[in-house]
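> Quick one: this structure, given as structure tokens, is what I'll be asking you about.
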2 protein chains.
Amino acid sequence: MPARRAFRLAVCQFQVSPSKEANLARAREFIRRAAAEGARLVVLPEMFVCPYVAELFPRYAESFPDGEALRMLREAAREEELFLVGGSIPEREGEKLYNSSFVFDPGGNLLARHRKVHLFDVDLPGGLSFRESATLSPGAGATVINTPLGTIGVAVCFDIRFPALFSEMACKGAEIVVIPGAFNLITGPAHWELLLRARAVDHQVYTVGAAPARDSRAAYVAFGHSMVVNPWAEVIARAGPEEAVLTAEIDLNHVTRVRRELPLLNTEARSMNQRPEL
Amino acid sequence: MPARRAFRLAVCQFQVSPSKEANLARAREFIRRAAAEGARLVVLPEMFVCPYVAELFPRYAESFPDGEALRMLREAAREEELFLVGGSIPEREGEKLYNSSFVFDPGGNLLARHRKVHLFDVDLPGGLSFRESATLSPGAGATVINTPLGTIGVAVCFDIRFPALFSEMACKGAEIVVIPGAFNLITGPAHWELLLRARAVDHQVYTVGAAPARDSRAAYVAFGHSMVVNPWAEVIARAGPEEAVLTAEIDLNHVTRVRRELPLLNTEARSMNQRPEL
């Protein structure tokens with residue numbers, strides 16, 4: 001009988017305020033609650049330290065390894081003995097800023113850093129415009145981490161719209177992809193669940209969408225609705241718009257089974273070999 | 001004011017029997033009905049000439065330009081003066097068979113042929129197994145056609161699960177992708193709508209899924225539920241499991257608008273340029 005390869009995961013969906021100190025305390029409290037529920041992998045939302053406003057990112061930015069947010073994440077992972085995907089924060093390196101997700105192991109060691117590859121520059125119907133590129137630079141590729149829990153890919157928000165990035169993660173062995181993301185009240189109802197289910201079904205992975213809780217007074221109102229989807233594209237856990245610790249059981253044997261029944265990765269590889277131009 | 005670039009499309013969802021002659025007559029009748037409803041682009045289902053059983057494909061196969069199905073399609077396009085995506089048929093070339101979709105213009109001229117790239121070889125839960133590769137060979141790439149109605153991509157059924165093929169179509173200018181497909185009672189309820197919406201939202205195209213009507217006595221029971229999805233991932237027309245002429249209004253200005261609001265194609269291109277390894 002194969003090892004069960006199953007564990008509990010939690011998404012911390014909390015409101016984000018303009019006070020970095022308050023946000024860090026809130027995040028720490030939610031990580032504690034997630035640990036108390038038995039979670040071995042915990043995921044925080046995108047830009048959980050600051051309002052989601054491009055012009056404010058420089059004011060909240062930190063450089064690895066220093067900074068209050070990075071210290072809190074490292075210590076929380078170690079104290080609660082869990083794998084922690086620290087949502088994302090504005091990261092400074094030299095002259096540049098990135099929207100970066102830092103991942104720590106239960107020893108408090110940095111496992112990986114994913115810098116959002118696809119920046120959110122849009123002019124949505126209803127007048128919602130956003131220009132992440134006003135202050136941020138894009139990352140350069142997919143992030144996949146081998147852990148004792150399984151092989152984990154990390155993407156940030158708008159990255160979810162780009163299947164090639166997920167193909168790359170799947171080729172590198174990803175079985176779970178965590179996506180800290182702050183969709184809004186236009187794209188959220190239209191596409192958040194669809195995209196989490198689409199990436200799960202295409203690449204036969206668990207997808208985990210980690211959103212901030214909704215705060216209708218905020219400059220940018222997040223959709224909420226953190227969600228966990230299995231590799232058959234079924235939503236197995238779903239939060240509302242309000243604060244929540246969302247837990248789900250991840251069973252990686254399910255990934256193996258779906259990939260055996262519907263061998264998409266092999267079919268893709270075979271068809272690529274057929275194509276004279278590639 | 002820009003030209004409206006809008007037209008009516010129809011999907012012919014009919015039952016397929018073991019009689020090729022009866023299937024061709026049924027298809028011809030549905031094309032007539034679609035024309036009477038004002039459709040300028042008409043789409044037939046996958047393998048509309050024969051039962052969807054791999055071992056039977058050789059018996060029903062035709063070679064271009066001869067064969068009863070190809071003749072019917074060519075003449076129907078010309079007589080009804082419409083663009084016709086002839087679902088798919090088993091096509092023979094030399095020793096090989098393909099699952100091929102032939103597209104004709106209102107003059108009865110062949111515009112394109114798409115050979116299904118990704119063959120359906122699966123072992124689904126509940127005991128449904130299928131081996132298209134037992135009798136078929138795969139096609140070699142994306143098919144995109146410039147027409148006065150707009151730029152049309154063609155994919156067949158299982159192809160819909162492979163985003164890279166759709167990326168290629170979008171890069172080549174596709175604004176509408178038609179997908180003759182015969183999902184079954186396992187994958188249909190789970191994934192048919194999801195995949196049509198996913199491909200639409202990722203590549204900002206209209207997607208058109210053309211299925212046979214359900215026949216619960218058939219060896220392979222098709223799901224039905226032909227569907228048209230707009231580039232914002234909204235289902236704008238949807239059939240049930242039974243026979244139907246499904247019509248929808250296609251407005252290519254909607255493609256242009258969504259691509260301007262949410263510039264995914266530009267973002268993808270920019271991010272690819274950032275990546276040192278590509």
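Within each chain, counting starts at residue 1; across the structure tokens, chains are named A, B, ... in the order shown, with ligands numbered 1 upward in that order.
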Neighbouring residues of region 63-68 of chain B were defined as those with any atom within 12 Å, considering only C-alpha atoms; residues of the same chain fewer than 5 positions away were excluded. Please report them as a PyMOL selection string.
chain B and resi 20-25+28+49+58+73-76+89-102+104+108-110+112-113
> From a DSSP pass on the backbone, collect the residues of region 6-115 of chain A flagged as helix (DSSP H, G or I) and hand them back as a PyMOL selection string.
chain A and resi 20-36+54-60+68-80
> With C-alpha atoms retained, could you export that selection as an mmCIF file, in the first residue's frame?

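Output file again.cif is given in full below:
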```cif
data_model
loop_
_atom_site.group_PDB
_atom_site.id
_atom_site.type_symbol
_atom_site.label_atom_id
_atom_site.label_comp_id
_atom_site.auth_asym_id
_atom_site.auth_seq_id
_atom_site.Cartn_x
_atom_site.Cartn_y
_atom_site.Cartn_z
ATOM 1 C CA LYS A 20 1.660 47.150 8.902
ATOM 2 C CA GLU A 21 2.069 46.369 12.596
ATOM 3 C CA ALA A 22 -1.593 45.476 12.956
ATOM 4 C CA ASN A 23 -1.468 43.335 9.784
ATOM 5 C CA LEU A 24 1.507 41.366 11.075
ATOM 6 C CA ALA A 25 -0.202 40.766 14.410
ATOM 7 C CA ARG A 26 -3.364 39.662 12.609
ATOM 8 C CA ALA A 27 -1.419 37.312 10.348
ATOM 9 C CA ARG A 28 0.414 35.840 13.352
ATOM 10 C CA GLU A 29 -2.859 35.238 15.161
ATOM 11 C CA PHE A 30 -4.363 33.497 12.099
ATOM 12 C CA ILE A 31 -1.269 31.312 11.682
ATOM 13 C CA ARG A 32 -1.689 30.255 15.330
ATOM 14 C CA ARG A 33 -5.325 29.363 14.696
ATOM 15 C CA ALA A 34 -4.374 27.422 11.551
ATOM 16 C CA ALA A 35 -1.776 25.461 13.510
ATOM 17 C CA ALA A 36 -4.349 24.711 16.206
ATOM 18 C CA ALA A 54 0.701 50.429 -6.176
ATOM 19 C CA GLU A 55 1.860 53.858 -5.008
ATOM 20 C CA LEU A 56 2.031 52.641 -1.387
ATOM 21 C CA PHE A 57 4.145 49.554 -2.038
ATOM 22 C CA PRO A 58 7.522 51.360 -1.656
ATOM 23 C CA ARG A 59 6.554 52.549 1.826
ATOM 24 C CA TYR A 60 5.894 48.992 3.038
ATOM 25 C CA GLU A 68 9.381 42.908 10.267
ATOM 26 C CA ALA A 69 7.200 40.840 7.933
ATOM 27 C CA LEU A 70 10.011 38.472 6.966
ATOM 28 C CA ARG A 71 10.997 38.089 10.628
ATOM 29 C CA MET A 72 7.420 37.361 11.660
ATOM 30 C CA LEU A 73 7.029 34.733 8.888
ATOM 31 C CA ARG A 74 10.301 32.999 9.745
ATOM 32 C CA GLU A 75 9.516 32.880 13.451
ATOM 33 C CA ALA A 76 5.899 31.841 12.967
ATOM 34 C CA ALA A 77 6.935 28.916 10.734
ATOM 35 C CA ARG A 78 9.450 27.788 13.356
ATOM 36 C CA GLU A 79 7.267 28.344 16.409
ATOM 37 C CA GLU A 80 4.223 26.618 14.910
#
```
> Kindly assemble as a Markdown table a list of the chain A residues that lie within 9 Å of chain B, each paired with its nearest atom pair and their distance in Å to one decimal, using only C-alpha atoms, sorted first by chain and then by ascending residue number.

```
| residue | atom | partner | partner_atom | distance |
| --- | --- | --- | --- | --- |
| A:Val117 | CA | B:Ser271 | CA | 6.5 |
| A:His118 | CA | B:Ser271 | CA | 6.3 |
| A:Leu119 | CA | B:Thr267 | CA | 7.5 |
| A:Phe120 | CA | B:Thr267 | CA | 8.7 |
| A:Asp121 | CA | B:Leu262 | CA | 7.6 |
| A:Val122 | CA | B:Leu262 | CA | 5.2 |
| A:Asp123 | CA | B:Glu261 | CA | 4.7 |
| A:Leu124 | CA | B:Glu261 | CA | 5.1 |
| A:Pro125 | CA | B:Glu261 | CA | 7.2 |
| A:Ser129 | CA | B:Glu261 | CA | 8.9 |
| A:Pro138 | CA | B:Ser271 | CA | 7.3 |
| A:Gly139 | CA | B:Gln274 | CA | 7.8 |
| A:Ala140 | CA | B:Arg275 | CA | 5.1 |
| A:Gly141 | CA | B:Arg275 | CA | 6.5 |
| A:Arg161 | CA | B:Asp202 | CA | 6.1 |
| A:Phe162 | CA | B:Asp202 | CA | 7.0 |
| A:Pro163 | CA | B:Pro163 | CA | 6.5 |
| A:Ala164 | CA | B:Ala164 | CA | 7.1 |
| A:Ser167 | CA | B:Ala164 | CA | 8.6 |
| A:Ala190 | CA | B:Ala233 | CA | 7.6 |
| A:His191 | CA | B:Ala233 | CA | 7.7 |
| A:Leu194 | CA | B:Ala198 | CA | 6.8 |
| A:Leu195 | CA | B:Ala198 | CA | 6.8 |
| A:Arg197 | CA | B:Leu194 | CA | 7.6 |
| A:Ala198 | CA | B:Ala198 | CA | 5.7 |
| A:Arg199 | CA | B:Ala198 | CA | 8.6 |
| A:Val201 | CA | B:His191 | CA | 8.0 |
| A:Asp202 | CA | B:Arg161 | CA | 6.1 |
| A:Trp232 | CA | B:Ala190 | CA | 7.7 |
| A:Ala233 | CA | B:Ala190 | CA | 7.6 |
| A:Glu234 | CA | B:Ala190 | CA | 8.2 |
| A:Val258 | CA | B:Leu124 | CA | 8.6 |
| A:Arg260 | CA | B:Asp123 | CA | 7.6 |
| A:Glu261 | CA | B:Asp123 | CA | 4.7 |
| A:Leu262 | CA | B:Val122 | CA | 5.2 |
| A:Pro263 | CA | B:Val122 | CA | 6.8 |
| A:Leu264 | CA | B:Arg161 | CA | 7.8 |
| A:Thr267 | CA | B:His118 | CA | 6.4 |
| A:Glu268 | CA | B:Phe162 | CA | 7.2 |
| A:Arg270 | CA | B:His118 | CA | 8.5 |
| A:Ser271 | CA | B:His118 | CA | 6.3 |
| A:Met272 | CA | B:Ala140 | CA | 8.3 |
| A:Gln274 | CA | B:Ala140 | CA | 5.9 |
| A:Arg275 | CA | B:Ala140 | CA | 5.1 |
| A:Pro276 | CA | B:Ala140 | CA | 7.5 |
```
> Pick out each residue of region 8-242 of chain A that DSSP on the backbone tags as strand (DSSP E); I need them as a PyMOL selection string.
chain A and resi 8-13+41-43+83-85+89-93+96-104+110-115+121-123+129-131+143-147+150-154+176-180+206-210+227-229+235-238
> Please provide as a ChimeraX atom specification all residues within 12 Å of Ala222 (chain B), with the sequence filter that same-chain residues fewer than 3 positions apart are discarded (counting only C-alpha atoms).
/B:13-16,45-48,51-53,157,180-189,192,210-219,225-226,240-243
> With C-alpha atoms retained, export the selected residues as a PDB file, in the first residue's frame.

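Dumped to out36.pdb:
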```
ATOM      1  CA  GLN B  13     -26.573  19.091 -32.210  1.00  0.00           C
ATOM      2  CA  PHE B  14     -28.088  15.903 -33.560  1.00  0.00           C
ATOM      3  CA  GLN B  15     -28.015  12.204 -32.707  1.00  0.00           C
ATOM      4  CA  VAL B  16     -25.557  10.021 -34.570  1.00  0.00           C
ATOM      5  CA  PRO B  45     -20.314  17.646 -33.967  1.00  0.00           C
ATOM      6  CA  GLU B  46     -17.246  15.434 -33.689  1.00  0.00           C
ATOM      7  CA  MET B  47     -17.483  12.124 -35.622  1.00  0.00           C
ATOM      8  CA  PHE B  48     -20.963  12.950 -36.882  1.00  0.00           C
ATOM      9  CA  PRO B  51     -20.560   5.791 -33.768  1.00  0.00           C
ATOM     10  CA  TYR B  52     -17.741   7.045 -31.562  1.00  0.00           C
ATOM     11  CA  VAL B  53     -15.982   3.667 -31.417  1.00  0.00           C
ATOM     12  CA  CYS B 157     -12.585  17.470 -28.459  1.00  0.00           C
ATOM     13  CA  PRO B 180     -16.464  19.745 -32.261  1.00  0.00           C
ATOM     14  CA  GLY B 181     -16.358  17.423 -29.267  1.00  0.00           C
ATOM     15  CA  ALA B 182     -18.053  14.357 -27.841  1.00  0.00           C
ATOM     16  CA  PHE B 183     -17.486  14.438 -24.107  1.00  0.00           C
ATOM     17  CA  ASN B 184     -19.104  11.592 -22.174  1.00  0.00           C
ATOM     18  CA  LEU B 185     -21.225  11.262 -19.037  1.00  0.00           C
ATOM     19  CA  ILE B 186     -18.156  11.293 -16.775  1.00  0.00           C
ATOM     20  CA  THR B 187     -16.038  14.083 -18.245  1.00  0.00           C
ATOM     21  CA  GLY B 188     -19.024  16.039 -19.591  1.00  0.00           C
ATOM     22  CA  PRO B 189     -20.661  17.045 -16.304  1.00  0.00           C
ATOM     23  CA  TRP B 192     -17.071  20.393 -20.568  1.00  0.00           C
ATOM     24  CA  ALA B 210     -20.367  21.342 -30.781  1.00  0.00           C
ATOM     25  CA  ALA B 211     -21.515  18.008 -29.357  1.00  0.00           C
ATOM     26  CA  PRO B 212     -23.700  15.198 -30.696  1.00  0.00           C
ATOM     27  CA  ALA B 213     -27.096  14.925 -28.993  1.00  0.00           C
ATOM     28  CA  ARG B 214     -27.256  12.282 -26.299  1.00  0.00           C
ATOM     29  CA  ASP B 215     -28.373   8.783 -27.260  1.00  0.00           C
ATOM     30  CA  SER B 216     -28.472   6.599 -24.172  1.00  0.00           C
ATOM     31  CA  ARG B 217     -28.575   3.434 -26.332  1.00  0.00           C
ATOM     32  CA  ALA B 218     -25.259   4.215 -28.045  1.00  0.00           C
ATOM     33  CA  ALA B 219     -22.028   2.336 -27.335  1.00  0.00           C
ATOM     34  CA  HIS B 225     -24.818  20.376 -24.078  1.00  0.00           C
ATOM     35  CA  SER B 226     -23.322  22.257 -27.009  1.00  0.00           C
ATOM     36  CA  GLY B 240     -29.571  20.500 -23.312  1.00  0.00           C
ATOM     37  CA  PRO B 241     -28.765  16.845 -24.038  1.00  0.00           C
ATOM     38  CA  GLU B 242     -31.376  16.511 -26.798  1.00  0.00           C
ATOM     39  CA  GLU B 243     -31.277  17.509 -30.482  1.00  0.00           C
TER      40      GLU B 243
END
```
> Excluding Leu84 (chain B) and any residue of its chain fewer than 5 positions from it, enumerate the residues within 7 Å of it, using only C-alpha atoms, and give them as a list of chain:residue names.
B:Leu41, B:Val42, B:Val43, B:Ala77, B:Val103, B:Phe104, B:Asp105
> Rounded to one decimal in Å, what is the spacing between CA of Gly87 (chain A) and CA of Glu249 (chain A)?
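So the answer is 19.8 Å.
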> Of the candidates A:Leu246, A:Val85, A:Val255, A:Val144, which one gets nearest to Arg8 (chain A) if we count only C-alpha atoms?
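Looking at the shortest contact to Arg8 (chain A), the residue is A:Leu246.
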> Grab the CA of Leu44 (chain B) to CA of Leu136 (chain B) distance for me, in Å with one decimal place.
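Atom-to-atom, CA of Leu44 (chain B) to CA of Leu136 (chain B), that is 20.3 Å.
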